[in-house]
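Here is the structure we will look at.
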2 protein chains.
Amino acid sequence: MPDGQFNTTDYDDPMVTRILDAGEQCIHRFGIRRTSMGEVARVGKLSRGSIYRHFGDKESLIQGVFRRRQALFLNRTEAALERLPTLVDKVTHAVVAGRKDTQEGIFASLAQTEPDTVASMFLDPAFYRRSVAFWPPHIKQAQDQGEIASDLDVSAATDFVMRLAVSMTLFPQMGLELKSSSRVRSYLERMLLSGLGDGC
Amino acid sequence: MPDGQFNTTDYDDPMVTRILDAGEQCIHRFGIRRTSMGEVARVGKLSRGSIYRHFGDKESLIQGVFRRRQALFLNRTEAALERLPTLVDKVTHAVVAGRKDTQEGIFASLAQTEPDTVASMFLDPAFYRRSVAFWPPHIKQAQDQGEIASDLDVSAATDFVMRLAVSMTLFPQMGLELKSSSRVRSYLERMLLSGLGDGC
DNA sequence: AATTGAACAAAATACGATTATTGTTTATTT
DNA sequence: AAATAAACAATAATCGTATTTTGTTCAATT
């Protein structure tokens, strides 16, 4: 609120937290379309004016809720990945966690009431921008450890990892049955590291 | 119409062709929602009864239009692939052709009026079933030619090819800029054949 | 034997009046 | 300073009703 822009959201501000909590609760219960700013205010026990102070409009509030969810997902994932030794383990974890989030979280409930909206979000390239920025350090580390080739551009490797991760999250089954995390891991170990080549 | 089921569509039947032509034209102009069976009948200069004879309901007609489009795409693609030497060339062609189809064909006009519907179709696993069945012969051929490893399950390789092709069609850019077909080719050559490994 | 055209009830959609929500402003409270 | 509450015009959602469309049937036509 200092500069009149709403680009960055301060997750430490207790008022912002209350607004986002209430907003997320409403989306969870009613969906986006049937969530009104007045209802969010009532649920969060605050005034409509405060919401409009922190988020310029309804669109920004909704966006804020999903951005926070995604940030939380990335933070938790990052923390988990730090404890995993290989890139294969990391991508496997990301896929399993991503599936769980889409099948159990706010997306699952939204998919019940507004499936088309969810589909549009999942196909929006902007949805994956933050996740793309997430991988390069892990790619570099895998290169340093000799797990993957070092002659490869980091952004190219990131692109590839993202495509595999997104594909396996959006389509749990695309010809092969890749349900269990162990199957996901062995599939990724093969495809991620060698593709269709013989690996040597 | 012989057995009362509408599972298989006879693209040689001139009546079926007229219905599908009219249906496709209506979807193209008005979208799915604003296309009525009466309008399809008027455009195709036939009776509503004939449509209901060949397609049980509106849903089946719409499905029929898209199935024919997809069958046409697969036929054209198959014909083109037969003239291409390597799997890399084939997947590259499929991606470029797939992008063109989604950006210029019936999907492009539908995306204008009903973007959410198009998004839902693209995320429906059923949408890719026929395409999945399309690849195994080409995989086997690539294995015979020594382009890709022969120790790999054909269905696993198909799954991988499909994931890459679908991903690159749905997301022309996912970190990397892969606009021109030459860039698509060199990207696929690397990722498809070696993944992130060094290839040897 | 298939197509047509017409009739029909049931379901879906379009329409217009009414109500609710949005986004802004202001004075008041914390 | 920020949050609140109330007022406000503009926009959007809702609701009951009129209209269209769907899906079915059947006698007439090709």
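Residues in the structure tokens are named by chain (A, B, ... in the order shown) and by number from 1 within that chain; ligands are numbered from 1 in the order shown.
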
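Any residue of chain D with an atom within 10 Å of chain B counts; using only C-alpha atoms (C1' of nucleotides), that gives DT20, DT21, DT22, DG23 and DT24 of chain D.
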
Output C-alpha atoms (C1' of nucleotides) for every residue in the selection just made, as a CSV table (one decimal), in the first residue's frame.
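This went into selection.csv:
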chain,number,residue,atom,x,y,z
D,20,DT,C1',-36.0,-21.8,-28.2
D,21,DT,C1',-34.0,-26.2,-28.5
D,22,DT,C1',-33.7,-31.0,-27.7
D,23,DG,C1',-34.8,-35.6,-28.3
D,24,DT,C1',-38.7,-38.6,-29.7

Please extract the residues of range 13-169 of chain A with a backbone DSSP assignment of helix (DSSP H, G or I) and present them as JSON, numbers by chain. {"A": [14, 15, 16, 17, 18, 19, 20, 21, 22, 23, 24, 25, 26, 27, 28, 29, 30, 37, 38, 39, 40, 41, 42, 43, 44, 48, 49, 50, 51, 52, 53, 54, 58, 59, 60, 61, 62, 63, 64, 65, 66, 67, 68, 69, 70, 71, 72, 73, 74, 75, 76, 77, 78, 79, 80, 81, 82, 87, 88, 89, 90, 91, 92, 93, 94, 95, 96, 97, 98, 99, 100, 101, 102, 103, 104, 106, 107, 108, 109, 110, 111, 112, 113, 115, 116, 117, 118, 119, 120, 121, 122, 123, 125, 126, 127, 128, 129, 130, 131, 132, 133, 134, 136, 137, 138, 139, 140, 141, 142, 143, 144, 154, 155, 156, 157, 158, 159, 160, 161, 162, 163, 164, 165, 166, 167, 168, 169]}

Please report, as a tab-separated table, each residue of chain C lying at most 10 Å from chain B, together with the nearest pair of atoms and the separation in Å rounded to one decimal; use only C-alpha atoms (C1' of nucleotides), and order rows by chain and ascending residue number.
residue	atom	partner	partner_atom	distance
C:DA2	C1'	B:Ser50	CA	8.8
C:DT3	C1'	B:Ser50	CA	6.7
C:DT4	C1'	B:Ser47	CA	6.3
C:DG5	C1'	B:Ser47	CA	7.9
C:DT13	C1'	B:Arg34	CA	9.7

Based on only C-alpha atoms, which of the residues in chain B come within 9 Å of chain A? I want them as a VMD selection string. chain B and resid 115 to 125 128 to 129 132 to 133 147 to 152 155 to 164 166 to 168 170 to 171 173 to 176 187 190 to 200

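Near DA20 in chain C, within 10 Å and counting only C-alpha atoms (C1' of nucleotides), sit Ser36 of chain A; DT18 and DT22 of chain C; DA12, DA13 and DT14 of chain D; same-chain residues fewer than 2 positions away were not included.
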
Residues as selected, C-alpha atoms (C1' of nucleotides), written as a tab-separated table (two decimals), in the first residue's frame, can you do that?
chain	number	residue	atom	x	y	z
A	36	SER	CA	-18.08	-11.97	-2.98
C	18	DT	C1'	-35.02	-7.06	-9.81
C	22	DT	C1'	-18.17	-4.05	-7.27
D	12	DA	C1'	-22.85	-8.02	-12.65
D	13	DA	C1'	-25.63	-11.80	-10.88
D	14	DT	C1'	-30.17	-13.67	-10.04

Need to verify the contact set: range 96-103 of chain B, 9 Å, only C-alpha atoms (C1' of nucleotides), exclusion of same-chain residues closer than 4 positions in sequence. Can you return it as a PDB file with N, CA and C atoms, in the first residue's frame?
ATOM      1  N   PHE B  73      -6.112 -35.328 -38.921  1.00  0.00           N
ATOM      2  CA  PHE B  73      -4.778 -34.897 -38.489  1.00  0.00           C
ATOM      3  C   PHE B  73      -3.836 -36.088 -38.410  1.00  0.00           C
ATOM      4  N   THR B  77      -0.640 -36.700 -40.691  1.00  0.00           N
ATOM      5  CA  THR B  77       0.644 -36.814 -39.994  1.00  0.00           C
ATOM      6  C   THR B  77       1.316 -38.132 -40.340  1.00  0.00           C
ATOM      7  N   VAL B  91       8.880 -36.627 -34.552  1.00  0.00           N
ATOM      8  CA  VAL B  91       8.297 -35.905 -33.414  1.00  0.00           C
ATOM      9  C   VAL B  91       8.301 -34.409 -33.696  1.00  0.00           C
ATOM     10  N   THR B  92       9.389 -33.925 -34.293  1.00  0.00           N
ATOM     11  CA  THR B  92       9.442 -32.508 -34.666  1.00  0.00           C
ATOM     12  C   THR B  92       8.272 -32.145 -35.567  1.00  0.00           C
ATOM     13  N   PHE B 107      -9.881 -25.288 -33.350  1.00  0.00           N
ATOM     14  CA  PHE B 107      -9.595 -24.983 -31.954  1.00  0.00           C
ATOM     15  C   PHE B 107      -9.347 -23.492 -31.755  1.00  0.00           C
ATOM     16  N   ALA B 108      -8.674 -22.872 -32.725  1.00  0.00           N
ATOM     17  CA  ALA B 108      -8.369 -21.450 -32.609  1.00  0.00           C
ATOM     18  C   ALA B 108      -9.646 -20.621 -32.563  1.00  0.00           C
ATOM     19  N   SER B 109     -10.611 -20.944 -33.442  1.00  0.00           N
ATOM     20  CA  SER B 109     -11.845 -20.159 -33.453  1.00  0.00           C
ATOM     21  C   SER B 109     -12.681 -20.451 -32.214  1.00  0.00           C
ATOM     22  N   ALA B 165       5.803 -34.364 -26.931  1.00  0.00           N
ATOM     23  CA  ALA B 165       5.047 -33.776 -28.039  1.00  0.00           C
ATOM     24  C   ALA B 165       3.877 -32.930 -27.520  1.00  0.00           C
ATOM     25  N   VAL B 166       3.120 -33.496 -26.575  1.00  0.00           N
ATOM     26  CA  VAL B 166       1.976 -32.762 -26.019  1.00  0.00           C
ATOM     27  C   VAL B 166       2.448 -31.502 -25.305  1.00  0.00           C
ATOM     28  N   MET B 168       5.147 -29.748 -25.761  1.00  0.00           N
ATOM     29  CA  MET B 168       5.656 -28.724 -26.670  1.00  0.00           C
ATOM     30  C   MET B 168       4.561 -28.127 -27.535  1.00  0.00           C
ATOM     31  N   THR B 169       3.472 -28.853 -27.684  1.00  0.00           N
ATOM     32  CA  THR B 169       2.337 -28.299 -28.418  1.00  0.00           C
ATOM     33  C   THR B 169       1.528 -27.360 -27.529  1.00  0.00           C
ATOM     34  N   LEU B 170       1.225 -27.800 -26.315  1.00  0.00           N
ATOM     35  CA  LEU B 170       0.427 -26.986 -25.398  1.00  0.00           C
ATOM     36  C   LEU B 170       1.195 -25.771 -24.893  1.00  0.00           C
ATOM     37  N   PRO B 172       4.274 -23.751 -26.101  1.00  0.00           N
ATOM     38  CA  PRO B 172       5.361 -23.440 -27.038  1.00  0.00           C
ATOM     39  C   PRO B 172       6.597 -22.914 -26.305  1.00  0.00           C
ATOM     40  N   SER B 180      10.883 -21.651 -33.686  1.00  0.00           N
ATOM     41  CA  SER B 180      11.138 -22.174 -35.037  1.00  0.00           C
ATOM     42  C   SER B 180      11.256 -23.693 -35.006  1.00  0.00           C
ATOM     43  N   SER B 181      10.919 -24.307 -36.128  1.00  0.00           N
ATOM     44  CA  SER B 181      10.950 -25.771 -36.179  1.00  0.00           C
ATOM     45  C   SER B 181      12.380 -26.290 -36.074  1.00  0.00           C
ATOM     46  N   VAL B 184      13.035 -26.473 -32.409  1.00  0.00           N
ATOM     47  CA  VAL B 184      12.288 -27.617 -31.881  1.00  0.00           C
ATOM     48  C   VAL B 184      13.066 -28.897 -32.184  1.00  0.00           C
TER      49      VAL B 184
END
